[in-house]
>>> print(open('coords27.pdb').read())   # PDB, C-alpha atoms and all ligand atoms
ATOM      1  CA  MET A   1    -166.058 -66.144 -91.814
ATOM      2  CA  SER A   2    -163.457 -68.575 -93.121
ATOM      3  CA  ASP A   3    -159.882 -68.090 -91.961
ATOM      4  CA  TYR A   4    -158.885 -65.988 -94.954
ATOM      5  CA  SER A   5    -162.127 -64.153 -95.660
ATOM      6  CA  LYS A   6    -161.296 -60.482 -95.453
ATOM      7  CA  PRO A   7    -162.327 -58.686 -92.267
ATOM      8  CA  LEU A   8    -162.754 -55.386 -94.110
ATOM      9  CA  ILE A   9    -163.903 -54.410 -97.568
ATOM     10  CA  ALA A  10    -161.421 -51.975 -99.114
ATOM     11  CA  HIS A  11    -163.253 -49.250-101.032
ATOM     12  CA  THR A  12    -161.506 -46.367-102.755
ATOM     13  CA  ASN A  13    -163.020 -44.092-100.111
ATOM     14  CA  GLY A  14    -162.521 -46.066 -96.902
ATOM     15  CA  TYR A  15    -162.991 -49.497 -95.322
ATOM     16  CA  GLN A  16    -166.261 -51.178 -94.452
ATOM     17  CA  LEU A  17    -166.982 -54.057 -92.083
ATOM     18  CA  PRO A  18    -168.705 -56.747 -94.194
ATOM     19  CA  GLN A  19    -172.493 -56.904 -93.845
ATOM     20  CA  THR A  20    -172.603 -53.747 -91.741
ATOM     21  CA  GLU A  21    -172.866 -50.019 -92.293
ATOM     22  CA  ILE A  22    -169.792 -49.453 -90.114
ATOM     23  CA  TRP A  23    -166.941 -47.674 -91.908
ATOM     24  CA  ILE A  24    -163.361 -47.296 -90.757
ATOM     25  CA  ASP A  25    -161.540 -44.110 -91.793
ATOM     26  CA  PRO A  26    -164.035 -43.287 -94.579
ATOM     27  CA  THR A  27    -163.006 -40.382 -96.802
ATOM     28  CA  HIS A  28    -166.610 -39.627 -97.768
ATOM     29  CA  PRO A  29    -169.528 -38.803 -95.443
ATOM     30  CA  VAL A  30    -171.190 -41.919 -93.947
ATOM     31  CA  HIS A  31    -173.750 -42.671 -91.249
ATOM     32  CA  THR A  32    -171.371 -44.443 -88.861
ATOM     33  CA  ALA A  33    -167.589 -43.955 -88.887
ATOM     34  CA  VAL A  34    -164.816 -45.234 -86.632
ATOM     35  CA  VAL A  35    -161.857 -42.893 -87.133
ATOM     36  CA  SER A  36    -158.248 -43.778 -86.269
ATOM     37  CA  HIS A  37    -156.705 -40.296 -86.286
ATOM     38  CA  ALA A  38    -157.156 -36.714 -87.421
ATOM     39  CA  HIS A  39    -155.139 -36.662 -90.667
ATOM     40  CA  GLY A  40    -157.166 -35.682 -93.738
ATOM     41  CA  ASP A  41    -156.666 -39.014 -95.519
ATOM     42  CA  HIS A  42    -158.380 -40.758 -92.582
ATOM     43  CA  ALA A  43    -160.852 -38.189 -91.266
ATOM     44  CA  VAL A  44    -163.243 -36.007 -93.266
ATOM     45  CA  PRO A  45    -166.201 -33.885 -92.126
ATOM     46  CA  GLY A  46    -169.880 -34.630 -92.686
ATOM     47  CA  HIS A  47    -170.445 -37.989 -90.945
ATOM     48  CA  GLY A  48    -173.578 -38.807 -88.951
ATOM     49  CA  LYS A  49    -171.946 -40.543 -86.004
ATOM     50  CA  VAL A  50    -168.205 -40.702 -85.344
ATOM     51  CA  TYR A  51    -166.344 -42.849 -82.832
ATOM     52  CA  CYS A  52    -162.819 -41.594 -82.132
ATOM     53  CA  THR A  53    -160.533 -40.849 -79.206
ATOM     54  CA  LYS A  54    -160.992 -37.678 -77.147
ATOM     55  CA  ASN A  55    -157.825 -36.105 -78.507
ATOM     56  CA  THR A  56    -158.722 -36.944 -82.109
ATOM     57  CA  ALA A  57    -162.096 -35.255 -81.499
ATOM     58  CA  ARG A  58    -160.309 -32.177 -80.098
ATOM     59  CA  LEU A  59    -158.185 -31.937 -83.245
ATOM     60  CA  LEU A  60    -161.100 -32.574 -85.618
ATOM     61  CA  ARG A  61    -163.182 -29.869 -83.932
ATOM     62  CA  THR A  62    -160.289 -27.471 -84.535
ATOM     63  CA  ARG A  63    -159.809 -28.640 -88.098
ATOM     64  CA  TYR A  64    -163.454 -28.771 -89.242
ATOM     65  CA  ARG A  65    -166.366 -26.559 -88.240
ATOM     66  CA  ASN A  66    -168.944 -29.427 -88.152
ATOM     67  CA  PHE A  67    -167.182 -32.705 -88.569
ATOM     68  CA  ALA A  68    -170.077 -34.907 -87.389
ATOM     69  CA  ASP A  69    -173.632 -34.754 -86.030
ATOM     70  CA  MET A  70    -172.638 -36.897 -83.054
ATOM     71  CA  VAL A  71    -169.180 -37.684 -81.661
ATOM     72  CA  ILE A  72    -168.570 -40.535 -79.238
ATOM     73  CA  THR A  73    -165.152 -40.616 -77.544
ATOM     74  CA  PRO A  74    -164.362 -43.848 -75.680
ATOM     75  CA  GLU A  75    -161.202 -43.983 -73.580
ATOM     76  CA  PHE A  76    -158.183 -45.896 -74.850
ATOM     77  CA  HIS A  77    -158.448 -49.608 -73.893
ATOM     78  CA  GLU A  78    -162.201 -49.331 -73.137
ATOM     79  CA  TRP A  79    -164.461 -51.742 -75.068
ATOM     80  CA  PHE A  80    -167.440 -50.042 -76.749
ATOM     81  CA  GLU A  81    -170.284 -51.271 -78.954
ATOM     82  CA  VAL A  82    -171.045 -50.029 -82.461
ATOM     83  CA  ASP A  83    -174.131 -51.618 -84.041
ATOM     84  CA  GLY A  84    -173.506 -54.835 -82.121
ATOM     85  CA  VAL A  85    -169.747 -55.026 -82.752
ATOM     86  CA  SER A  86    -167.278 -54.642 -79.832
ATOM     87  CA  PHE A  87    -164.456 -52.188 -80.523
ATOM     88  CA  GLN A  88    -161.446 -50.864 -78.646
ATOM     89  CA  PHE A  89    -158.946 -48.044 -79.289
ATOM     90  CA  ILE A  90    -155.261 -48.738 -78.540
ATOM     91  CA  PRO A  91    -152.578 -46.005 -78.857
ATOM     92  CA  ALA A  92    -150.814 -45.993 -82.254
ATOM     93  CA  GLY A  93    -148.004 -43.517 -81.476
ATOM     94  CA  HIS A  94    -148.497 -41.755 -84.832
ATOM     95  CA  MET A  95    -149.739 -38.361 -83.522
ATOM     96  CA  LEU A  96    -151.938 -36.968 -80.745
ATOM     97  CA  GLY A  97    -155.027 -39.154 -80.260
ATOM     98  CA  SER A  98    -154.038 -41.695 -82.921
ATOM     99  CA  ALA A  99    -155.467 -45.162 -82.359
ATOM    100  CA  GLN A 100    -155.237 -48.691 -83.586
ATOM    101  CA  ILE A 101    -158.793 -49.935 -84.014
ATOM    102  CA  VAL A 102    -159.431 -53.388 -82.535
ATOM    103  CA  TRP A 103    -162.663 -55.362 -82.816
ATOM    104  CA  LYS A 104    -164.077 -58.824 -82.193
ATOM    105  CA  HIS A 105    -165.614 -60.954 -84.915
ATOM    106  CA  GLU A 106    -166.714 -64.566 -84.444
ATOM    107  CA  GLY A 107    -164.333 -65.073 -81.546
ATOM    108  CA  ARG A 108    -161.350 -63.516 -83.272
ATOM    109  CA  ILE A 109    -159.544 -60.294 -82.466
ATOM    110  CA  ILE A 110    -158.861 -58.078 -85.468
ATOM    111  CA  ASN A 111    -156.503 -55.094 -85.332
ATOM    112  CA  TYR A 112    -156.483 -52.295 -87.901
ATOM    113  CA  THR A 113    -153.304 -50.369 -87.080
ATOM    114  CA  GLY A 114    -154.105 -47.184 -88.993
ATOM    115  CA  ASP A 115    -150.894 -45.158 -89.299
ATOM    116  CA  TYR A 116    -148.487 -46.012 -86.493
ATOM    117  CA  LYS A 117    -144.952 -45.505 -85.290
ATOM    118  CA  ARG A 118    -142.987 -47.236 -82.568
ATOM    119  CA  GLN A 119    -140.189 -44.668 -82.226
ATOM    120  CA  SER A 120    -140.425 -42.594 -79.072
ATOM    121  CA  ASP A 121    -142.377 -39.346 -79.417
ATOM    122  CA  ALA A 122    -143.000 -37.212 -76.346
ATOM    123  CA  SER A 123    -145.738 -35.266 -78.168
ATOM    124  CA  CYS A 124    -148.300 -38.099 -78.205
ATOM    125  CA  GLU A 125    -149.551 -41.256 -76.528
ATOM    126  CA  PRO A 126    -146.958 -44.047 -77.072
ATOM    127  CA  TYR A 127    -147.616 -47.058 -79.317
ATOM    128  CA  VAL A 128    -148.894 -50.194 -77.583
ATOM    129  CA  THR A 129    -148.481 -53.701 -79.028
ATOM    130  CA  VAL A 130    -151.758 -55.542 -79.680
ATOM    131  CA  LYS A 131    -151.968 -59.327 -79.719
ATOM    132  CA  CYS A 132    -154.546 -60.356 -82.288
ATOM    133  CA  ASP A 133    -155.666 -63.108 -84.653
ATOM    134  CA  VAL A 134    -155.826 -60.889 -87.719
ATOM    135  CA  LEU A 135    -153.546 -57.878 -88.250
ATOM    136  CA  ILE A 136    -154.291 -55.184 -90.823
ATOM    137  CA  THR A 137    -151.109 -53.116 -91.018
ATOM    138  CA  GLU A 138    -150.095 -50.064 -92.980
ATOM    139  CA  THR A 139    -146.974 -50.629 -95.126
ATOM    140  CA  THR A 140    -145.963 -47.078 -96.024
ATOM    141  CA  PHE A 141    -142.236 -47.860 -95.585
ATOM    142  CA  ALA A 142    -142.154 -51.595 -96.354
ATOM    143  CA  GLN A 143    -138.860 -51.369 -98.234
ATOM    144  CA  GLN A 144    -136.317 -53.914 -97.057
ATOM    145  CA  GLY A 145    -133.746 -52.230 -94.821
ATOM    146  CA  LYS A 146    -135.568 -48.873 -94.705
ATOM    147  CA  THR A 147    -134.624 -47.512 -91.291
ATOM    148  CA  HIS A 148    -135.690 -44.245 -89.729
ATOM    149  CA  PRO A 149    -132.732 -42.626 -87.935
ATOM    150  CA  ALA A 150    -132.660 -42.024 -84.187
ATOM    151  CA  ASP A 151    -133.816 -38.548 -83.129
ATOM    152  CA  GLU A 152    -130.272 -37.194 -82.598
ATOM    153  CA  ASP A 153    -129.282 -38.302 -86.114
ATOM    154  CA  SER A 154    -132.452 -36.868 -87.672
ATOM    155  CA  LEU A 155    -131.470 -33.425 -86.418
ATOM    156  CA  LYS A 156    -127.784 -33.687 -87.389
ATOM    157  CA  ALA A 157    -128.130 -30.859 -89.917
ATOM    158  CA  PHE A 158    -128.511 -28.403 -87.045
ATOM    159  CA  ASP A 159    -125.141 -29.324 -85.480
ATOM    160  CA  ALA A 160    -122.860 -27.653 -87.980
ATOM    161  CA  ALA A 161    -124.003 -24.182 -88.823
ATOM    162  CA  LEU A 162    -124.709 -21.973 -85.863
ATOM    163  CA  ASN A 163    -125.404 -18.310 -86.504
ATOM    164  CA  THR A 164    -127.873 -18.974 -89.257
ATOM    165  CA  ASN A 165    -131.638 -19.422 -89.400
ATOM    166  CA  TYR A 166    -133.704 -22.332 -90.647
ATOM    167  CA  ILE A 167    -137.087 -22.663 -92.304
ATOM    168  CA  VAL A 168    -138.441 -26.149 -91.788
ATOM    169  CA  GLY A 169    -141.440 -27.591 -93.633
ATOM    170  CA  ALA A 170    -143.636 -30.027 -91.695
ATOM    171  CA  TYR A 171    -147.218 -31.260 -91.851
ATOM    172  CA  ALA A 172    -149.200 -28.854 -89.692
ATOM    173  CA  LEU A 173    -150.786 -31.648 -87.703
ATOM    174  CA  GLY A 174    -148.575 -34.189 -85.961
ATOM    175  CA  LYS A 175    -145.158 -33.691 -87.517
ATOM    176  CA  ALA A 176    -144.910 -29.997 -86.575
ATOM    177  CA  GLN A 177    -145.701 -30.701 -82.923
ATOM    178  CA  ARG A 178    -143.278 -33.626 -82.743
ATOM    179  CA  LEU A 179    -140.528 -31.449 -84.255
ATOM    180  CA  THR A 180    -141.203 -28.598 -81.846
ATOM    181  CA  ARG A 181    -140.768 -30.958 -78.912
ATOM    182  CA  LEU A 182    -137.660 -32.549 -80.505
ATOM    183  CA  PHE A 183    -136.023 -29.151 -80.991
ATOM    184  CA  ALA A 184    -136.857 -28.205 -77.388
ATOM    185  CA  ASP A 185    -135.300 -31.424 -76.088
ATOM    186  CA  LEU A 186    -132.294 -31.768 -78.396
ATOM    187  CA  LYS A 187    -131.561 -28.279 -79.760
ATOM    188  CA  PRO A 188    -132.388 -25.859 -76.932
ATOM    189  CA  GLU A 189    -129.914 -23.299 -78.343
ATOM    190  CA  PHE A 190    -132.460 -22.495 -81.057
ATOM    191  CA  LYS A 191    -135.583 -20.366 -80.752
ATOM    192  CA  VAL A 192    -138.541 -22.184 -82.338
ATOM    193  CA  MET A 193    -141.171 -20.128 -84.154
ATOM    194  CA  VAL A 194    -144.352 -21.493 -85.624
ATOM    195  CA  HIS A 195    -146.613 -20.521 -88.532
ATOM    196  CA  PRO A 196    -150.228 -19.550 -87.584
ATOM    197  CA  LYS A 197    -151.649 -22.547 -89.493
ATOM    198  CA  ILE A 198    -149.634 -24.751 -87.148
ATOM    199  CA  SER A 199    -149.872 -22.898 -83.823
ATOM    200  CA  LYS A 200    -153.621 -23.592 -83.485
ATOM    201  CA  TYR A 201    -152.804 -27.322 -83.339
ATOM    202  CA  HIS A 202    -149.914 -26.698 -80.926
ATOM    203  CA  ARG A 203    -152.477 -25.245 -78.521
ATOM    204  CA  VAL A 204    -154.695 -28.332 -78.817
ATOM    205  CA  TYR A 205    -151.723 -30.559 -77.967
ATOM    206  CA  GLU A 206    -150.944 -28.423 -74.920
ATOM    207  CA  GLU A 207    -154.574 -28.391 -73.785
ATOM    208  CA  ALA A 208    -154.454 -32.181 -74.014
ATOM    209  CA  GLY A 209    -151.522 -32.169 -71.585
ATOM    210  CA  PHE A 210    -148.594 -32.653 -73.971
ATOM    211  CA  ASP A 211    -145.784 -30.173 -73.280
ATOM    212  CA  LEU A 212    -144.158 -29.105 -76.565
ATOM    213  CA  GLY A 213    -141.389 -27.085 -74.897
ATOM    214  CA  GLU A 214    -140.741 -23.420 -75.613
ATOM    215  CA  TRP A 215    -142.066 -22.007 -78.884
ATOM    216  CA  LEU A 216    -143.360 -18.693 -80.193
ATOM    217  CA  PRO A 217    -145.740 -17.574 -82.903
ATOM    218  CA  TYR A 218    -143.668 -16.390 -85.899
ATOM    219  CA  GLN A 219    -142.118 -12.935 -85.463
ATOM    220  CA  LYS A 220    -140.774 -11.624 -88.740
ATOM    221  CA  GLN A 221    -138.492  -8.964 -87.242
ATOM    222  CA  VAL A 222    -136.884 -11.385 -84.801
ATOM    223  CA  PHE A 223    -136.331 -13.914 -87.581
ATOM    224  CA  LYS A 224    -134.768 -11.296 -89.859
ATOM    225  CA  LYS A 225    -132.574  -9.583 -87.284
ATOM    226  CA  THR A 226    -131.304 -12.440 -85.117
ATOM    227  CA  ALA A 227    -129.717 -15.861 -85.730
ATOM    228  CA  ASN A 228    -130.375 -19.373 -84.385
ATOM    229  CA  ASN A 229    -134.085 -19.333 -85.119
ATOM    230  CA  ILE A 230    -136.030 -22.249 -86.538
ATOM    231  CA  TYR A 231    -139.289 -21.338 -88.263
ATOM    232  CA  ILE A 232    -141.672 -24.290 -88.742
ATOM    233  CA  VAL A 233    -144.090 -23.860 -91.655
ATOM    234  CA  PRO A 234    -146.554 -26.090 -93.581
ATOM    235  CA  PRO A 235    -145.070 -27.763 -96.712
ATOM    236  CA  LEU A 236    -146.771 -25.383 -99.158
ATOM    237  CA  VAL A 237    -145.420 -22.357 -97.319
ATOM    238  CA  LEU A 238    -141.900 -23.854 -97.424
ATOM    239  CA  GLN A 239    -142.187 -24.110-101.205
ATOM    240  CA  SER A 240    -142.843 -20.371-101.374
ATOM    241  CA  TYR A 241    -139.425 -19.625 -99.822
ATOM    242  CA  ALA A 242    -136.659 -19.468-102.435
ATOM    243  CA  SER A 243    -133.050 -20.234-101.667
ATOM    244  CA  ASP A 244    -131.532 -17.300 -99.771
ATOM    245  CA  ILE A 245    -128.367 -16.434 -97.834
ATOM    246  CA  GLY A 246    -130.516 -15.501 -94.830
ATOM    247  CA  TYR A 247    -131.593 -19.048 -93.988
ATOM    248  CA  LEU A 248    -131.318 -22.749 -94.763
ATOM    249  CA  ARG A 249    -134.413 -24.727 -95.785
ATOM    250  CA  GLY A 250    -135.397 -28.332 -95.031
ATOM    251  CA  MET A 251    -138.471 -30.550 -95.260
ATOM    252  CA  ALA A 252    -139.200 -32.988 -92.436
ATOM    253  CA  SER A 253    -140.182 -36.297 -94.010
ATOM    254  CA  GLY A 254    -139.453 -40.007 -94.043
ATOM    255  CA  TRP A 255    -139.345 -39.815 -97.849
ATOM    256  CA  ASP A 256    -135.969 -38.886 -99.390
ATOM    257  CA  ARG A 257    -137.664 -37.545-102.532
ATOM    258  CA  LEU A 258    -139.684 -34.969-100.553
ATOM    259  CA  GLN A 259    -136.460 -33.554 -99.142
ATOM    260  CA  GLU A 260    -134.850 -33.001-102.540
ATOM    261  CA  GLY A 261    -134.115 -29.437-103.600
ATOM    262  CA  TYR A 262    -133.685 -28.122-100.060
ATOM    263  CA  ASP A 263    -130.500 -27.116 -98.208
ATOM    264  CA  ILE A 264    -130.576 -29.611 -95.354
ATOM    265  CA  LYS A 265    -131.866 -33.158 -94.788
ATOM    266  CA  LEU A 266    -134.444 -33.722 -92.079
ATOM    267  CA  PRO A 267    -135.446 -37.395 -92.066
ATOM    268  CA  VAL A 268    -138.292 -37.576 -89.553
ATOM    269  CA  SER A 269    -141.122 -40.049 -90.115
ATOM    270  CA  ASP A 270    -144.301 -40.820 -88.186
ATOM    271  CA  HIS A 271    -144.692 -44.261 -89.779
ATOM    272  CA  SER A 272    -143.080 -47.625 -89.059
ATOM    273  CA  ASP A 273    -139.863 -48.521 -90.805
ATOM    274  CA  TRP A 274    -139.016 -52.006 -92.107
ATOM    275  CA  HIS A 275    -137.857 -53.428 -88.767
ATOM    276  CA  ASP A 276    -140.782 -52.010 -86.832
ATOM    277  CA  LEU A 277    -143.194 -53.518 -89.369
ATOM    278  CA  LEU A 278    -141.586 -56.932 -88.911
ATOM    279  CA  ASN A 279    -141.560 -56.549 -85.115
ATOM    280  CA  THR A 280    -145.214 -55.574 -85.123
ATOM    281  CA  ILE A 281    -146.178 -58.610 -87.178
ATOM    282  CA  THR A 282    -144.140 -60.951 -84.952
ATOM    283  CA  GLU A 283    -145.276 -59.480 -81.643
ATOM    284  CA  SER A 284    -148.949 -59.425 -82.698
ATOM    285  CA  GLU A 285    -148.804 -63.251 -82.982
ATOM    286  CA  ALA A 286    -151.378 -62.878 -85.786
ATOM    287  CA  LYS A 287    -151.741 -65.858 -88.101
ATOM    288  CA  VAL A 288    -153.242 -63.705 -90.846
ATOM    289  CA  VAL A 289    -151.884 -60.316 -91.950
ATOM    290  CA  TYR A 290    -153.415 -57.911 -94.444
ATOM    291  CA  THR A 291    -151.510 -54.921 -95.775
ATOM    292  CA  ILE A 292    -152.826 -51.467 -96.661
ATOM    293  CA  HIS A 293    -151.151 -48.235 -97.869
ATOM    294  CA  GLY A 294    -147.959 -48.534 -99.868
ATOM    295  CA  ASP A 295    -146.251 -51.336-101.731
ATOM    296  CA  SER A 296    -146.150 -54.553 -99.673
ATOM    297  CA  ASN A 297    -144.465 -56.822-102.263
ATOM    298  CA  GLU A 298    -141.077 -56.919-100.500
ATOM    299  CA  LEU A 299    -142.746 -57.655 -97.193
ATOM    300  CA  MET A 300    -144.815 -60.487 -98.667
ATOM    301  CA  GLN A 301    -141.724 -61.961-100.284
ATOM    302  CA  HIS A 302    -139.738 -61.675 -97.055
ATOM    303  CA  LEU A 303    -142.466 -63.508 -95.114
ATOM    304  CA  SER A 304    -143.282 -66.061 -97.792
ATOM    305  CA  ASN A 305    -141.765 -68.910 -95.737
ATOM    306  CA  ALA A 306    -143.042 -67.641 -92.400
ATOM    307  CA  ALA A 307    -145.908 -69.275 -90.523
ATOM    308  CA  VAL A 308    -148.147 -66.357 -91.332
ATOM    309  CA  HIS A 309    -150.578 -65.828 -94.171
ATOM    310  CA  ILE A 310    -150.019 -62.371 -95.662
ATOM    311  CA  GLU A 311    -151.837 -60.616 -98.490
ATOM    312  CA  GLU A 312    -153.025 -57.184 -99.545
ATOM    313  CA  LEU A 313    -156.432 -56.176 -98.234
TER     314      LEU A 313
HETATM  315 ZN    ZN B 401    -151.586 -40.189 -90.563
END
>>> encode(input="coords27.pdb", output="structure tokens")
Amino acid sequence: MSDYSKPLIAHTNGYQLPQTEIWIDPTHPVHTAVVSHAHGDHAVPGHGKVYCTKNTARLLRTRYRNFADMVITPEFHEWFEVDGVSFQFIPAGHMLGSAQIVWKHEGRIINYTGDYKRQSDASCEPYVTVKCDVLITETTFAQQGKTHPADEDSLKAFDAALNTNYIVGAYALGKAQRLTRLFADLKPEFKVMVHPKISKYHRVYEEAGFDLGEWLPYQKQVFKKTANNIYIVPPLVLQSYASDIGYLRGMASGWDRLQEGYDIKLPVSDHSDWHDLLNTITESEAKVVYTIHGDSNELMQHLSNAAVHIEEL
């Protein structure tokens, strides 16, 4: 492999290690898959053999009836072999079980970050920096200056209006659990209720040893008759709630456009912002960086004079 030959082949339905049948985060059924985390754009059912972390396997077993014929769950930081290639999972801080996928090729260390965040999140294993020769990083929020607010500022909308209720939209897996824990830590005056499509994942998090604080399955009568309740629902369910004097609505997202049309802002992201992307690239000490997911033009321009080779995968 020459210095700039790509360490992964980018297909429309996942990534493949060259000259192998090993796929990373394939979105179609394959014989051998290494899966970074349990979100649907990274993990689908129907594979022959899947390598993932124990907590990702827990979530995938809850999400899919038969997600693979065989599931192998190495510990974080443990080296394991897949068809002659040495791999390692390192925590990515994105959601429960999420991993950066590290492997060795011709004496070089390659790191595929998957989705990752470096902000603190008590609901999952914290991000760990990986030193590597080649970094493959997601660039979901690679817009110059894009900064995710601190937790206290993200939840500012809940400071002003006591004696009302809130309906909050959040992805059922990952975001909803992080929010539940954030509300427990920062807004204990509210009662948190959770939609049934979300509560099944809450239980997996708790079985895995992550305390989400106090929460209840949704109780319609309590929500209607009392104030200071926050009801967390999946995004599609939020859309079914029209504007009403009985509650305020908000969508938890790092994207401003996804929050439009609702009553409150709730900027909470599980991806890296601009500064965390730059820090990750610097701290990795990688000489070669490939970008995936999102528009990386600003990042490439910003690093054009840096001592790093950067291009899209
Ligand atoms: Zn994800």
>>> residues_near_point(input="coords27.pdb", point="(-132.9, -30.2, -92.3)", cutoff="9 Å", atoms="all atoms listed in the file", output="number ranges by chain")
A: 154-158, 166-168, 248-252, 259, 262-267
>>> resolve_selection(input="coords27.pdb", expression="the PyMOL selection byres (((not hetatm)) within 12 of (chain B and resi 401))", output="compact mmCIF listing (two decimals) with C-alpha atoms, in the frame of the given file")
# COMPACT_ATOMS: atom_id res chain seq x y z
CA ASP A 25 -161.54 -44.11 -91.79
CA VAL A 35 -161.86 -42.89 -87.13
CA SER A 36 -158.25 -43.78 -86.27
CA HIS A 37 -156.71 -40.30 -86.29
CA ALA A 38 -157.16 -36.71 -87.42
CA HIS A 39 -155.14 -36.66 -90.67
CA GLY A 40 -157.17 -35.68 -93.74
CA ASP A 41 -156.67 -39.01 -95.52
CA HIS A 42 -158.38 -40.76 -92.58
CA ALA A 43 -160.85 -38.19 -91.27
CA THR A 56 -158.72 -36.94 -82.11
CA ALA A 92 -150.81 -45.99 -82.25
CA GLY A 93 -148.00 -43.52 -81.48
CA HIS A 94 -148.50 -41.76 -84.83
CA MET A 95 -149.74 -38.36 -83.52
CA LEU A 96 -151.94 -36.97 -80.74
CA GLY A 97 -155.03 -39.15 -80.26
CA SER A 98 -154.04 -41.70 -82.92
CA ALA A 99 -155.47 -45.16 -82.36
CA GLN A 100 -155.24 -48.69 -83.59
CA THR A 113 -153.30 -50.37 -87.08
CA GLY A 114 -154.10 -47.18 -88.99
CA ASP A 115 -150.89 -45.16 -89.30
CA TYR A 116 -148.49 -46.01 -86.49
CA LYS A 117 -144.95 -45.50 -85.29
CA GLU A 138 -150.10 -50.06 -92.98
CA THR A 140 -145.96 -47.08 -96.02
CA TYR A 171 -147.22 -31.26 -91.85
CA ALA A 172 -149.20 -28.85 -89.69
CA LEU A 173 -150.79 -31.65 -87.70
CA GLY A 174 -148.57 -34.19 -85.96
CA LYS A 175 -145.16 -33.69 -87.52
CA SER A 269 -141.12 -40.05 -90.12
CA ASP A 270 -144.30 -40.82 -88.19
CA HIS A 271 -144.69 -44.26 -89.78
CA SER A 272 -143.08 -47.62 -89.06
CA HIS A 293 -151.15 -48.24 -97.87
>>> atom_distance(input="coords27.pdb", atom1="CA of Asp256 in chain A", atom2="CA of Asn165 in chain A")
22.3 Å
>>> axis_aligned_box(input="coords27.pdb", around="range 274-277 of chain A", padding_each_side="6 Å", output="JSON")
{"center_x": -140.5, "center_y": -52.8, "center_z": -89.5, "size_x": 17.3, "size_y": 13.5, "size_z": 17.3}
>>> resolve_selection(input="coords27.pdb", expression="the PyMOL selection byres (((chain A and resi 246) around 10) and not hetatm)", output="mmCIF file with C-alpha atoms, in the coordinates of the input")
data_model
loop_
_atom_site.group_PDB
_atom_site.id
_atom_site.type_symbol
_atom_site.label_atom_id
_atom_site.label_comp_id
_atom_site.auth_asym_id
_atom_site.auth_seq_id
_atom_site.Cartn_x
_atom_site.Cartn_y
_atom_site.Cartn_z
ATOM 1 C CA THR A 164 -127.873 -18.974 -89.257
ATOM 2 C CA ASN A 165 -131.638 -19.422 -89.400
ATOM 3 C CA TYR A 166 -133.704 -22.332 -90.647
ATOM 4 C CA PHE A 223 -136.331 -13.914 -87.581
ATOM 5 C CA LYS A 224 -134.768 -11.296 -89.859
ATOM 6 C CA LYS A 225 -132.574 -9.583 -87.284
ATOM 7 C CA ALA A 227 -129.717 -15.861 -85.730
ATOM 8 C CA SER A 243 -133.050 -20.234 -101.667
ATOM 9 C CA ASP A 244 -131.532 -17.300 -99.771
ATOM 10 C CA ILE A 245 -128.367 -16.434 -97.834
ATOM 11 C CA TYR A 247 -131.593 -19.048 -93.988
ATOM 12 C CA LEU A 248 -131.318 -22.749 -94.763
#
>>> closest_residue(input="coords27.pdb", among="A:Ala286, A:Ala150, A:Ile310, A:Val128", to="Val268 in chain A", atoms="all atoms listed in the file")
A:Ala150
>>> resolve_selection(input="coords27.pdb", expression="the PyMOL selection byres (((chain A and resi 217) around 6) and not hetatm)", output="list in words")
Met193, Val194, Leu216 and Tyr218 of chain A
>>> atom_distance(input="coords27.pdb", atom1="CA of Ala176 in chain A", atom2="CA of Thr147 in chain A")
20.9 Å
>>> atom_distance(input="coords27.pdb", atom1="CA of Ala122 in chain A", atom2="CA of Val192 in chain A")
16.8 Å
>>> closest_residue(input="coords27.pdb", among="A:Gly46, A:Phe67, A:Gln144, A:Ile24", to="Ile101 in chain A", atoms="all atoms listed in the file")
A:Ile24
>>> residues_around(input="coords27.pdb", residues="Pro234 in chain A", least_positions_apart="3", cutoff="8 Å", atoms="only C-alpha atoms", output="PyMOL selection string")
chain A and resi 169-172+195+197-198+237-238
>>> closest_residue(input="coords27.pdb", among="A:Ser284, A:Thr53, A:Gln177, A:Thr139", to="Ile110 in chain A", atoms="only C-alpha atoms")
A:Ser284
>>> residues_around(input="coords27.pdb", residues="Glu75 in chain A", least_positions_apart="2", cutoff="10 Å", atoms="only C-alpha atoms", output="list in words")
Cys52, Thr53, Lys54, Asn55, Ile72, Thr73, His77, Glu78, Trp79, Phe80, Gln88, Phe89 and Ile90 of chain A
>>> closest_residue(input="coords27.pdb", among="A:His28, A:Lys220, A:Arg118, A:Lys131", to="Trp103 in chain A", atoms="only C-alpha atoms")
A:Lys131
>>> residues_around(input="coords27.pdb", residues="range 208-213 of chain A", least_positions_apart="2", cutoff="10 Å", atoms="all atoms listed in the file", output="compact mmCIF listing (two decimals) with C-alpha atoms, in the coordinates of the input")
# COMPACT_ATOMS: atom_id res chain seq x y z
CA LYS A 54 -160.99 -37.68 -77.15
CA ASN A 55 -157.82 -36.10 -78.51
CA ARG A 58 -160.31 -32.18 -80.10
CA LEU A 59 -158.18 -31.94 -83.24
CA LEU A 96 -151.94 -36.97 -80.74
CA GLY A 97 -155.03 -39.15 -80.26
CA ALA A 122 -143.00 -37.21 -76.35
CA SER A 123 -145.74 -35.27 -78.17
CA CYS A 124 -148.30 -38.10 -78.20
CA GLU A 125 -149.55 -41.26 -76.53
CA GLN A 177 -145.70 -30.70 -82.92
CA ARG A 178 -143.28 -33.63 -82.74
CA LEU A 179 -140.53 -31.45 -84.26
CA THR A 180 -141.20 -28.60 -81.85
CA ARG A 181 -140.77 -30.96 -78.91
CA LEU A 182 -137.66 -32.55 -80.50
CA PHE A 183 -136.02 -29.15 -80.99
CA ALA A 184 -136.86 -28.20 -77.39
CA ASP A 185 -135.30 -31.42 -76.09
CA PRO A 188 -132.39 -25.86 -76.93
CA VAL A 192 -138.54 -22.18 -82.34
CA HIS A 202 -149.91 -26.70 -80.93
CA ARG A 203 -152.48 -25.24 -78.52
CA VAL A 204 -154.70 -28.33 -78.82
CA TYR A 205 -151.72 -30.56 -77.97
CA GLU A 206 -150.94 -28.42 -74.92
CA TRP A 215 -142.07 -22.01 -78.88
